[in-house]
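Student: Structure file entry16.cif (mmCIF, C-alpha atoms (C1' of nucleotides) and all ligand atoms) is given on the next line.
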```
data_start
loop_
_atom_site.label_atom_id
_atom_site.label_comp_id
_atom_site.auth_asym_id
_atom_site.auth_seq_id
_atom_site.Cartn_x
_atom_site.Cartn_y
_atom_site.Cartn_z
CA MET A 291 0.00 0.00 0.00
CA ILE A 292 3.01 2.27 -0.05
CA LYS A 293 2.61 3.19 3.52
CA LEU A 294 5.02 3.76 6.34
CA GLY A 295 5.67 1.14 8.97
CA LYS A 296 4.35 1.60 12.47
CA LEU A 297 7.82 1.97 13.86
CA THR A 298 8.29 5.00 11.67
CA ASP A 299 5.21 6.53 13.16
CA TYR A 300 6.50 5.85 16.61
CA ALA A 301 9.81 7.38 15.67
CA ILE A 302 8.21 10.64 14.65
CA ALA A 303 6.10 10.66 17.79
CA VAL A 304 9.12 10.02 19.96
CA MET A 305 11.28 12.60 18.30
CA GLY A 306 8.47 15.07 18.58
CA GLN A 307 8.40 14.37 22.28
CA LEU A 308 12.14 14.93 22.45
CA VAL A 309 11.64 18.32 20.89
CA HIS A 310 9.18 19.17 23.61
CA GLU A 311 11.53 17.96 26.29
CA ALA A 312 14.36 20.05 24.93
CA ALA A 313 12.14 23.12 24.80
CA ASP A 314 10.83 22.65 28.31
CA SER A 315 14.29 22.01 29.64
CA PRO A 316 14.94 23.97 32.81
CA ALA A 317 18.67 23.97 32.19
CA HIS A 318 18.42 25.50 28.80
CA ASP A 319 21.69 27.33 28.88
CA LYS A 320 23.87 24.38 29.77
CA GLU A 321 24.79 22.34 26.73
CA GLY A 322 25.18 18.79 27.95
CA ALA A 323 22.03 18.71 30.04
CA MET A 324 18.61 17.23 29.18
CA SER A 325 18.29 13.69 28.19
CA SER A 326 15.18 11.57 28.38
CA SER A 327 15.16 7.89 29.18
CA ALA A 328 13.28 5.32 27.18
CA HIS A 329 11.17 4.65 30.25
CA TYR A 330 10.16 8.27 30.59
CA LEU A 331 9.44 8.65 26.90
CA ALA A 332 7.32 5.52 26.99
CA SER A 333 5.23 6.97 29.77
CA ARG A 334 4.84 10.26 27.93
CA THR A 335 3.87 8.83 24.58
CA GLY A 336 1.97 5.76 25.69
CA ILE A 337 3.99 3.55 23.41
CA PRO A 338 5.00 0.28 25.13
CA GLU A 339 8.46 0.54 26.58
CA PRO A 340 10.14 -2.43 24.87
CA THR A 341 8.97 -1.15 21.54
CA ILE A 342 10.00 2.42 22.13
CA ALA A 343 13.37 1.16 23.28
CA LYS A 344 13.83 -0.57 19.97
CA VAL A 345 12.85 2.54 18.09
CA LEU A 346 15.30 4.66 20.06
CA LYS A 347 18.08 2.18 19.43
CA MET A 348 17.42 2.35 15.73
CA LEU A 349 17.36 6.12 15.77
CA ALA A 350 20.59 6.19 17.75
CA LYS A 351 22.27 3.83 15.34
CA GLY A 352 21.07 6.01 12.52
CA GLY A 353 22.57 9.06 14.17
CA LEU A 354 19.33 10.98 14.58
CA VAL A 355 19.52 10.93 18.35
CA THR A 356 22.48 10.72 20.65
CA SER A 357 22.45 8.45 23.64
CA MET A 358 24.13 8.47 27.02
CA ARG A 359 24.35 5.44 29.19
CA GLY A 360 24.28 4.91 32.86
CA ALA A 361 22.04 6.38 35.49
CA ALA A 362 20.71 9.76 34.39
CA GLY A 363 21.42 8.71 30.85
CA GLY A 364 18.97 8.80 28.00
CA TYR A 365 18.42 10.18 24.57
CA ARG A 366 18.35 13.58 22.96
CA LEU A 367 18.05 14.90 19.46
CA ALA A 368 21.31 14.99 17.55
CA LYS A 369 20.29 18.06 15.59
CA PRO A 370 17.73 20.86 15.84
CA ALA A 371 14.26 19.82 14.82
CA ASP A 372 14.23 22.03 11.77
CA GLN A 373 17.28 20.29 10.39
CA ILE A 374 15.87 16.79 10.53
CA SER A 375 13.77 15.81 7.54
CA ILE A 376 11.17 13.11 7.67
CA GLY A 377 13.02 11.57 4.76
CA GLU A 378 15.94 10.94 7.07
CA ILE A 379 13.71 9.41 9.68
CA ILE A 380 12.08 7.14 7.17
CA ALA A 381 15.44 6.15 5.80
CA VAL A 382 16.63 5.12 9.23
CA MET A 383 13.47 3.29 10.22
CA ASP A 384 12.23 1.75 7.01
CA GLY A 385 15.47 1.59 5.12
CA PRO A 386 16.46 3.68 2.15
CA ILE A 387 13.79 5.06 -0.12
CA ALA A 388 14.04 2.64 -2.99
CA ILE A 389 10.85 1.59 -4.68
CA VAL A 390 12.81 -0.65 -7.03
CA GLY A 391 15.69 -2.93 -6.27
CA CYS A 392 18.35 -1.25 -8.30
CA VAL A 393 18.23 2.27 -6.97
CA GLU A 394 20.68 1.78 -4.17
CA GLU A 395 24.02 0.04 -4.47
CA ASP A 396 22.28 -3.29 -4.79
CA LYS A 397 22.71 -3.33 -8.51
CA GLU A 398 23.80 -6.92 -8.18
CA HIS A 399 20.37 -8.05 -7.15
CA CYS A 400 18.91 -7.60 -10.57
CA ASN A 401 20.31 -9.83 -13.24
CA MET A 402 19.78 -7.37 -16.05
CA TRP A 403 20.86 -4.07 -14.68
CA GLU A 404 23.32 -3.42 -17.47
CA THR A 405 20.81 -3.56 -20.25
CA CYS A 406 17.70 -2.31 -18.48
CA PRO A 407 16.33 0.84 -20.08
CA THR A 408 13.77 1.50 -17.39
CA LYS A 409 16.14 2.16 -14.54
CA GLU A 410 16.55 5.80 -15.51
CA ASN A 411 12.87 6.44 -15.16
CA TRP A 412 12.66 4.63 -11.89
CA GLY A 413 15.57 6.67 -10.67
CA ARG A 414 13.81 9.84 -11.65
CA VAL A 415 10.65 8.83 -9.84
CA ASN A 416 12.60 7.76 -6.83
CA ASP A 417 14.44 11.05 -6.63
CA ALA A 418 11.20 12.94 -6.82
CA ILE A 419 9.82 10.99 -3.91
CA LYS A 420 12.98 11.41 -1.94
CA SER A 421 13.05 15.16 -2.34
CA ALA A 422 9.41 15.43 -1.42
CA LEU A 423 10.23 13.59 1.77
CA ASP A 424 13.33 15.62 2.46
CA GLY A 425 11.46 18.87 2.03
CA VAL A 426 9.42 18.41 5.17
CA LYS A 427 11.23 18.79 8.48
CA LEU A 428 10.45 17.31 11.83
CA GLN A 429 9.65 20.78 13.04
CA ASP A 430 6.85 21.01 10.50
CA MET A 431 5.28 17.81 11.69
CA LEU A 432 5.04 18.65 15.34
CA SER A 433 2.21 19.00 17.76
CA THR A 434 2.51 15.45 18.69
CA PRO A 435 0.24 12.95 17.03
CA ALA A 436 2.84 11.39 14.93
CA CYS A 437 0.82 9.61 12.47
CA GLY A 438 -1.88 7.29 11.44
CA ASN A 439 -2.35 3.67 12.15
CA VAL A 440 -1.27 4.27 15.69
CA PRO A 441 -4.31 3.07 17.46
CA ASP A 442 -4.89 4.35 20.88
CA PHE A 443 -1.95 5.43 22.91
CA THR A 444 -1.74 8.66 21.00
CA LYS A 445 -4.51 9.68 23.29
CA ASP A 446 -2.69 10.73 26.37
CA VAL A 447 -0.14 12.47 24.24
CA ASP A 448 -2.37 15.16 22.88
CA ALA A 449 -2.41 16.84 26.23
CA ASP A 450 0.87 18.30 25.09
CA CYS A 451 -0.16 19.61 21.74
CA ALA A 452 -3.29 21.47 22.65
CA MET B 300 11.32 -0.28 2.83
CA ILE B 301 8.91 1.75 0.75
CA LYS B 302 9.11 -0.62 -2.14
CA LEU B 303 6.59 -1.94 -4.58
CA GLY B 304 5.07 -5.38 -4.24
CA LYS B 305 5.98 -8.12 -6.66
CA LEU B 306 2.52 -8.16 -8.13
CA THR B 307 3.02 -4.58 -9.19
CA ASP B 308 6.18 -5.57 -11.00
CA TYR B 309 4.31 -8.33 -12.71
CA ALA B 310 1.59 -5.93 -13.66
CA ILE B 311 3.99 -3.61 -15.41
CA ALA B 312 5.64 -6.54 -17.17
CA VAL B 313 2.30 -7.87 -18.30
CA MET B 314 1.02 -4.55 -19.49
CA GLY B 315 4.25 -4.00 -21.33
CA GLN B 316 3.68 -7.28 -23.06
CA LEU B 317 0.18 -6.20 -23.97
CA VAL B 318 1.62 -3.11 -25.59
CA HIS B 319 3.84 -5.32 -27.71
CA GLU B 320 0.95 -7.52 -28.66
CA ALA B 321 -1.13 -4.57 -29.72
CA ALA B 322 1.71 -3.20 -31.81
CA ASP B 323 2.41 -6.50 -33.49
CA SER B 324 -1.24 -7.05 -34.15
CA PRO B 325 -1.86 -8.20 -37.71
CA ALA B 326 -5.39 -6.85 -37.67
CA HIS B 327 -4.41 -3.36 -36.74
CA ASP B 328 -7.20 -1.60 -38.54
CA LYS B 329 -10.07 -3.51 -36.98
CA GLU B 330 -11.02 -2.15 -33.61
CA GLY B 331 -12.29 -5.11 -31.69
CA ALA B 332 -9.50 -7.50 -32.61
CA MET B 333 -6.45 -8.49 -30.56
CA SER B 334 -6.79 -9.89 -27.16
CA SER B 335 -4.31 -12.04 -25.32
CA SER B 336 -5.24 -14.81 -22.96
CA ALA B 337 -3.71 -15.22 -19.54
CA HIS B 338 -2.24 -18.49 -20.72
CA TYR B 339 -0.48 -16.86 -23.64
CA LEU B 340 0.78 -13.95 -21.59
CA ALA B 341 2.12 -16.36 -19.01
CA SER B 342 4.11 -18.18 -21.65
CA ARG B 343 5.47 -14.92 -23.03
CA THR B 344 6.50 -13.40 -19.74
CA GLY B 345 7.49 -16.53 -17.85
CA ILE B 346 5.34 -15.56 -14.92
CA PRO B 347 3.41 -18.56 -13.53
CA GLU B 348 -0.06 -18.71 -14.98
CA PRO B 349 -2.14 -18.71 -11.77
CA THR B 350 -0.29 -15.67 -10.58
CA ILE B 351 -0.55 -13.78 -13.82
CA ALA B 352 -4.24 -14.60 -13.91
CA LYS B 353 -4.64 -12.95 -10.57
CA VAL B 354 -2.76 -9.90 -11.71
CA LEU B 355 -4.90 -9.61 -14.82
CA LYS B 356 -8.04 -9.90 -12.79
CA MET B 357 -6.89 -7.11 -10.54
CA LEU B 358 -6.00 -4.94 -13.49
CA ALA B 359 -9.37 -5.63 -15.09
CA LYS B 360 -11.19 -4.75 -11.93
CA GLY B 361 -9.18 -1.57 -11.78
CA GLY B 362 -10.16 -0.71 -15.31
CA LEU B 363 -6.67 -0.68 -16.75
CA VAL B 364 -7.34 -3.59 -19.06
CA THR B 365 -10.54 -4.77 -20.63
CA SER B 366 -11.42 -8.41 -20.75
CA MET B 367 -13.45 -10.62 -22.99
CA ARG B 368 -14.60 -14.02 -21.95
CA GLY B 369 -15.17 -17.21 -23.80
CA ALA B 370 -13.12 -18.84 -26.48
CA ALA B 371 -10.89 -16.34 -28.25
CA GLY B 372 -11.29 -14.09 -25.27
CA GLY B 373 -8.55 -12.47 -23.30
CA TYR B 374 -7.23 -9.12 -22.20
CA ARG B 375 -6.19 -5.92 -23.85
CA LEU B 376 -5.15 -2.48 -22.68
CA ALA B 377 -8.03 -0.19 -21.91
CA LYS B 378 -6.10 2.90 -22.98
CA PRO B 379 -3.03 3.72 -25.08
CA ALA B 380 0.21 3.07 -23.26
CA ASP B 381 1.11 6.72 -23.11
CA GLN B 382 -2.05 7.50 -21.21
CA ILE B 383 -1.49 5.00 -18.42
CA SER B 384 0.68 6.24 -15.61
CA ILE B 385 2.56 3.96 -13.30
CA GLY B 386 0.78 5.76 -10.50
CA GLU B 387 -2.46 4.28 -11.75
CA ILE B 388 -0.98 0.84 -11.92
CA ILE B 389 0.41 1.07 -8.44
CA ALA B 390 -2.90 2.36 -7.18
CA VAL B 391 -4.70 -0.64 -8.62
CA MET B 392 -2.17 -3.22 -7.48
CA ASP B 393 -0.93 -1.92 -4.17
CA GLY B 394 -3.89 0.20 -3.21
CA PRO B 395 -4.02 3.97 -3.14
CA ILE B 396 -0.90 5.95 -2.54
CA ALA B 397 -1.36 6.82 1.08
CA ILE B 398 1.66 6.84 3.29
CA VAL B 399 -0.47 7.78 6.22
CA GLY B 400 -3.84 6.48 7.21
CA CYS B 401 -5.86 9.62 6.86
CA VAL B 402 -5.09 10.62 3.30
CA GLU B 403 -7.86 8.68 1.66
CA GLU B 404 -11.43 8.62 2.81
CA ASP B 405 -10.46 6.53 5.80
CA LYS B 406 -10.53 9.49 8.10
CA GLU B 407 -12.39 7.34 10.54
CA HIS B 408 -9.41 5.14 11.17
CA CYS B 409 -7.55 7.76 13.08
CA ASN B 410 -9.15 8.81 16.31
CA MET B 411 -7.79 12.32 16.22
CA TRP B 412 -8.24 13.43 12.68
CA GLU B 413 -10.20 16.51 13.63
CA THR B 414 -7.53 18.06 15.74
CA CYS B 415 -4.41 16.75 14.06
CA PRO B 416 -2.25 19.58 12.74
CA THR B 417 0.14 17.33 10.85
CA LYS B 418 -2.28 16.01 8.31
CA GLU B 419 -1.79 18.99 6.04
CA ASN B 420 1.89 18.29 5.76
CA TRP B 421 1.38 14.62 5.13
CA GLY B 422 -1.11 15.51 2.48
CA ARG B 423 1.42 17.74 0.81
CA VAL B 424 4.06 15.05 0.86
CA ASN B 425 1.61 12.49 -0.38
CA ASP B 426 0.57 14.66 -3.28
CA ALA B 427 4.16 15.18 -4.29
CA ILE B 428 4.72 11.46 -4.38
CA LYS B 429 1.55 10.90 -6.28
CA SER B 430 2.37 13.40 -8.97
CA ALA B 431 5.85 12.00 -9.33
CA LEU B 432 4.29 8.63 -9.95
CA ASP B 433 1.67 9.98 -12.31
CA GLY B 434 4.26 11.78 -14.37
CA VAL B 435 5.74 8.59 -15.73
CA LYS B 436 3.69 6.67 -18.25
CA LEU B 437 3.70 3.00 -19.08
CA GLN B 438 5.10 3.91 -22.45
CA ASP B 439 8.18 5.36 -20.77
CA MET B 440 8.82 2.20 -18.85
CA LEU B 441 8.78 -0.20 -21.71
CA SER B 442 11.32 -2.51 -23.20
CA THR B 443 10.12 -5.18 -20.96
CA PRO B 444 11.97 -5.86 -17.75
CA ALA B 445 9.36 -4.51 -15.50
CA CYS B 446 11.24 -4.14 -12.42
CA GLY B 447 13.49 -5.39 -9.77
CA ASN B 448 13.06 -8.23 -7.41
CA VAL B 449 11.68 -10.30 -10.21
CA PRO B 450 14.16 -13.09 -10.21
CA ASP B 451 14.51 -15.04 -13.35
CA PHE B 452 11.61 -15.27 -15.70
CA THR B 453 12.35 -11.84 -17.05
CA LYS B 454 14.97 -13.64 -19.05
CA ASP B 455 13.04 -15.01 -21.96
CA VAL B 456 11.16 -11.78 -22.19
CA ASP B 457 14.02 -9.59 -23.24
CA ALA B 458 14.07 -11.22 -26.64
CA ASP B 459 11.27 -8.80 -27.40
CA CYS B 460 12.88 -5.61 -26.30
CA ALA B 461 16.23 -5.85 -27.94
"C1'" DT C 119 33.28 -0.17 45.93
"C1'" DA C 120 28.44 -1.98 45.49
"C1'" DG C 121 24.21 -1.24 43.58
"C1'" DA C 122 20.89 0.84 40.70
"C1'" DA C 123 19.64 2.99 36.38
"C1'" DA C 124 20.01 3.09 31.74
"C1'" DC C 125 21.62 1.91 26.97
"C1'" DA C 126 23.62 -1.84 23.40
"C1'" DG C 127 22.98 -5.63 20.85
"C1'" DG C 128 21.04 -9.53 19.39
"C1'" DA C 129 17.92 -13.63 19.56
"C1'" DC C 130 13.43 -14.91 19.73
"C1'" DT C 131 8.17 -15.18 19.13
"C1'" DT C 132 4.09 -13.49 17.51
"C1'" DT C 133 1.35 -11.03 14.32
"C1'" DT C 134 0.28 -9.12 9.97
"C1'" DT C 135 0.80 -8.75 5.14
"C1'" DT C 136 1.73 -10.51 0.77
"C1'" DA C 137 2.19 -14.02 -2.55
"C1'" DG C 138 0.66 -17.94 -4.61
"C1'" DT C 139 -2.92 -21.69 -5.53
"C1'" DA C 140 -7.28 -23.81 -6.34
"C1'" DC C 141 -12.00 -24.43 -7.56
"C1'" DG C 142 -16.74 -23.85 -8.92
"C1'" DA C 143 -19.44 -20.60 -11.74
"C1'" DT C 144 -20.31 -17.92 -15.86
"C1'" DA C 145 -19.84 -16.59 -20.63
"C1'" DA C 146 -18.81 -16.75 -25.58
"C1'" DA C 147 -17.48 -19.18 -29.88
"C1'" DG C 148 -17.90 -22.83 -32.96
"C1'" DC D 106 -22.91 -29.00 -26.13
"C1'" DT D 107 -18.12 -28.88 -25.77
"C1'" DT D 108 -14.10 -26.17 -25.51
"C1'" DT D 109 -11.71 -22.15 -24.14
"C1'" DA D 110 -11.44 -18.51 -21.22
"C1'" DT D 111 -12.56 -15.10 -17.61
"C1'" DC D 112 -14.86 -14.12 -12.68
"C1'" DG D 113 -14.97 -14.28 -8.01
"C1'" DT D 114 -13.64 -15.89 -4.02
"C1'" DA D 115 -11.75 -18.73 -0.60
"C1'" DC D 116 -7.79 -20.93 1.05
"C1'" DT D 117 -2.77 -22.01 2.09
"C1'" DA D 118 1.88 -20.90 2.43
"C1'" DA D 119 5.66 -17.83 2.74
"C1'" DA D 120 7.75 -13.63 3.92
"C1'" DA D 121 8.12 -9.38 6.47
"C1'" DA D 122 7.17 -6.54 10.28
"C1'" DA D 123 6.24 -5.78 15.01
"C1'" DG D 124 6.84 -6.75 19.53
"C1'" DT D 125 9.37 -9.11 23.47
"C1'" DC D 126 13.10 -10.63 26.19
"C1'" DC D 127 17.67 -11.50 27.84
"C1'" DT D 128 22.54 -10.77 28.64
"C1'" DG D 129 26.18 -7.53 28.78
"C1'" DT D 130 28.26 -2.86 29.45
"C1'" DT D 131 28.39 1.85 31.06
"C1'" DT D 132 27.82 5.52 34.40
"C1'" DC D 133 25.98 7.78 38.24
"C1'" DT D 134 25.26 7.84 43.27
"C1'" DA D 135 25.39 6.42 47.82
S1 LIG E 501 -2.35 11.41 13.37
FE1 LIG E 501 -2.89 13.07 11.90
S2 LIG E 501 -1.67 12.66 10.05
FE2 LIG E 501 -1.69 10.75 11.25
S3 LIG E 501 -3.48 9.55 10.45
FE3 LIG E 501 -4.23 10.75 12.22
S4 LIG E 501 -5.06 12.63 11.31
FE4 LIG E 501 -3.71 11.68 9.75
S1 LIG E 502 14.62 -4.47 -14.12
FE1 LIG E 502 15.68 -2.50 -14.47
S2 LIG E 502 14.62 -1.02 -13.08
FE2 LIG E 502 14.07 -3.09 -12.36
S3 LIG E 502 15.64 -3.57 -10.73
FE3 LIG E 502 16.42 -4.42 -12.70
S4 LIG E 502 17.75 -2.77 -13.51
FE4 LIG E 502 16.42 -1.82 -11.95
#
```
Please render this file's structure as structure tokens.
Tutor:
Amino acid sequence: MIKLGKLTDYAIAVMGQLVHEAADSPAHDKEGAMSSSAHYLASRTGIPEPTIAKVLKMLAKGGLVTSMRGAAGGYRLAKPADQISIGEIIAVMDGPIAIVGCVEEDKEHCNMWETCPTKENWGRVNDAIKSALDGVKLQDMLSTPACGNVPDFTKDVDADCA
Amino acid sequence: MIKLGKLTDYAIAVMGQLVHEAADSPAHDKEGAMSSSAHYLASRTGIPEPTIAKVLKMLAKGGLVTSMRGAAGGYRLAKPADQISIGEIIAVMDGPIAIVGCVEEDKEHCNMWETCPTKENWGRVNDAIKSALDGVKLQDMLSTPACGNVPDFTKDVDADCA
DNA sequence: TAGAAACAGGACTTTTTTAGTACGATAAAG
DNA sequence: CTTTATCGTACTAAAAAAGTCCTGTTTCTA
């Protein structure tokens, strides 16, 4: 159906929450302050903790959030919210935007890449999609409800985005 | 991974084949001539017959091909190849282009559609994707190998598109 | 230094989606 | 009335995604 995975939804919700946390930070002057734990974020967003933990790990591995271990550790955004595109988030969560097999390096996977005349067109389409996705920033998406398909636990979140 | 389903690949391959058939048609002047059976198309494309039959049924239901039953029946393109966009094909095979739940009529599915401020942005993104997909026509994609992921049976097809 | 809090990484299970198959019914041509 | 072919749908199997859990490492605090 050409739709995003649930984890991607969660990711946007979680990162949105991180934006809020950063904004509400009491120690706003200090640089290395504010970080939110998976546990805390789970309670704020309503997303089950094991799942949100997985999402955060993926985001950390993708470099969209930075993590700190140990007590008082947690996660924080790696960049300002207006410099993170939803294209990046999708790329980290759902893998690279590649509607056909040959767009990314995986040229090997198709046994006729050399002679295929359609790949140019697919590439063009793919680029168009990618830039559409890169044009919208996390900042633009805010006010919490991340997106669709997320059934119920978005409910206690909207207290924040009134 | 934001990729197309296999059936969509098949669909483009099959429709490409139908374009060839129409072009090679001996009775090119007569209007109601040429139609190719699922069996024949299966043998030409190498796609297993039950599967291709399913694809053709979906395409017929979606109005992209017209069908005729009975002996000497079969399928043919409903429109010229340069008037069929891959967006249409994807819409028929994979469902509507809707990366988030609320884009299509299904506003019911999300319990906070009324108050959600992000839907506008998603709509914008979705439209961009849709128009990228609608900009490329079946005609542009031709010379057979439909696309990716299709493992092997694209092999005997490329005799046609040399 | 011991313990608690928190992330890292990966293995595992369950659920959902997609792909593929099969069959009885209907329709047209000869 | 028999043959060829689509129609519709139900079913099964395979693949992918989502969700869970465990074991190890890091860091803070008492
Ligand atoms: S949360 Fe907003 S954007 Fe997402 S499905 Fe609901 S109304 Fe649409
Ligand atoms: S058939 Fe062409 S467009 Fe499709 S994956 Fe292979 S090289 Fe790419």
Student: Within 9 Å of chain D, which residues of chain A show up when using only C-alpha atoms (C1' of nucleotides), listed as a PyMOL selection string?
Tutor: chain A and resi 295-297+340-341+358-363
Student: Select, from B:Ala312, B:Ala352, B:Ala322, B:Cys401, the residue with the minimum atom-to-atom distance to chain C, counting only C-alpha atoms (C1' of nucleotides).
Tutor: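 Using only C-alpha atoms (C1' of nucleotides), the shortest distance to chain C belongs to B:Ala352.
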Student: Using only C-alpha atoms (C1' of nucleotides) for the distances, tell me which of C:DA143, C:DG121, C:DG127, C:DG138 is nearest to chain B.
Tutor: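 Of the candidates, the smallest distance to chain B is held by C:DG138.
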Student: Residues of chain C were defined as contacting chain B if any atom lay at most 10 Å from it, counting all atoms listed in the file; please report them as a list of chain:residue names.
Tutor: C:DT136, C:DA137, C:DG138, C:DT139, C:DA140, C:DT144, C:DA145, C:DA146, C:DA147, C:DG148
Student: Taking 5 positions as the minimum chain separation for residues in the same chain, which residues sit within 6 Å of Gly373 of chain B when counting all atoms listed in the file? Answer as a ChimeraX atom specification.
Tutor: /B:334-336,366-367
Student: Which neighbours of Ser421 of chain A fall inside 12 Å, counting only C-alpha atoms (C1' of nucleotides), when residues of the same chain fewer than 3 positions from it are skipped, and could you give them as a PDB file with C-alpha atoms, in the frame of the given file?
Tutor:
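Below is the file that was written, around26.pdb:
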```pdb
ATOM      1  CA  SER A 375      13.770  15.810   7.540  1.00  0.00           C
ATOM      2  CA  ILE A 376      11.170  13.110   7.670  1.00  0.00           C
ATOM      3  CA  GLY A 377      13.020  11.570   4.760  1.00  0.00           C
ATOM      4  CA  GLU A 378      15.940  10.940   7.070  1.00  0.00           C
ATOM      5  CA  ILE A 387      13.790   5.060  -0.120  1.00  0.00           C
ATOM      6  CA  ARG A 414      13.810   9.840 -11.650  1.00  0.00           C
ATOM      7  CA  VAL A 415      10.650   8.830  -9.840  1.00  0.00           C
ATOM      8  CA  ASN A 416      12.600   7.760  -6.830  1.00  0.00           C
ATOM      9  CA  ASP A 417      14.440  11.050  -6.630  1.00  0.00           C
ATOM     10  CA  ALA A 418      11.200  12.940  -6.820  1.00  0.00           C
ATOM     11  CA  ASP A 424      13.330  15.620   2.460  1.00  0.00           C
ATOM     12  CA  GLY A 425      11.460  18.870   2.030  1.00  0.00           C
ATOM     13  CA  VAL A 426       9.420  18.410   5.170  1.00  0.00           C
ATOM     14  CA  LYS A 427      11.230  18.790   8.480  1.00  0.00           C
TER      15      LYS A 427
ATOM     16  CA  VAL B 424       4.060  15.050   0.860  1.00  0.00           C
ATOM     17  CA  ASN B 425       1.610  12.490  -0.380  1.00  0.00           C
ATOM     18  CA  ALA B 427       4.160  15.180  -4.290  1.00  0.00           C
ATOM     19  CA  ILE B 428       4.720  11.460  -4.380  1.00  0.00           C
ATOM     20  CA  ALA B 431       5.850  12.000  -9.330  1.00  0.00           C
TER      21      ALA B 431
END
```
Student: Which residue gives the smallest distance to chain B among A:Lys409, A:His329, A:Arg334, A:His310, with all atoms listed in the file counted?
Tutor: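 Closest to chain B of all the choices is A:Lys409.
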Student: Kindly indicate which residue among A:Pro370, A:Gly413, A:Gly385, A:Gly306 lies nearest to chain B, using all atoms listed in the file for the distances.
Tutor: A:Gly385
Student: Enter the distance from atom CA of Leu363 of chain B to atom CA of Ile383 of chain B, in Å, rounded to one decimal.
Tutor: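 Here the two named atoms are 7.9 Å from each other.
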Student: Determine the axis-aligned bounding box of all atoms of ligand LIG 501 (chain E) present in the file, pad each side by 4 Å, and express its centre and edge lengths in Å to one decimal place as JSON.
Tutor:
```
{"center_x": -3.4, "center_y": 11.3, "center_z": 11.6, "size_x": 11.4, "size_y": 11.5, "size_z": 11.6}
```
Student: Can you tell me how far atom FE1 of ligand LIG 501 (chain E) sits from atom CA of Val382 of chain A, in Å to one decimal?
Tutor: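 Those two atoms sit 21.2 Å apart.
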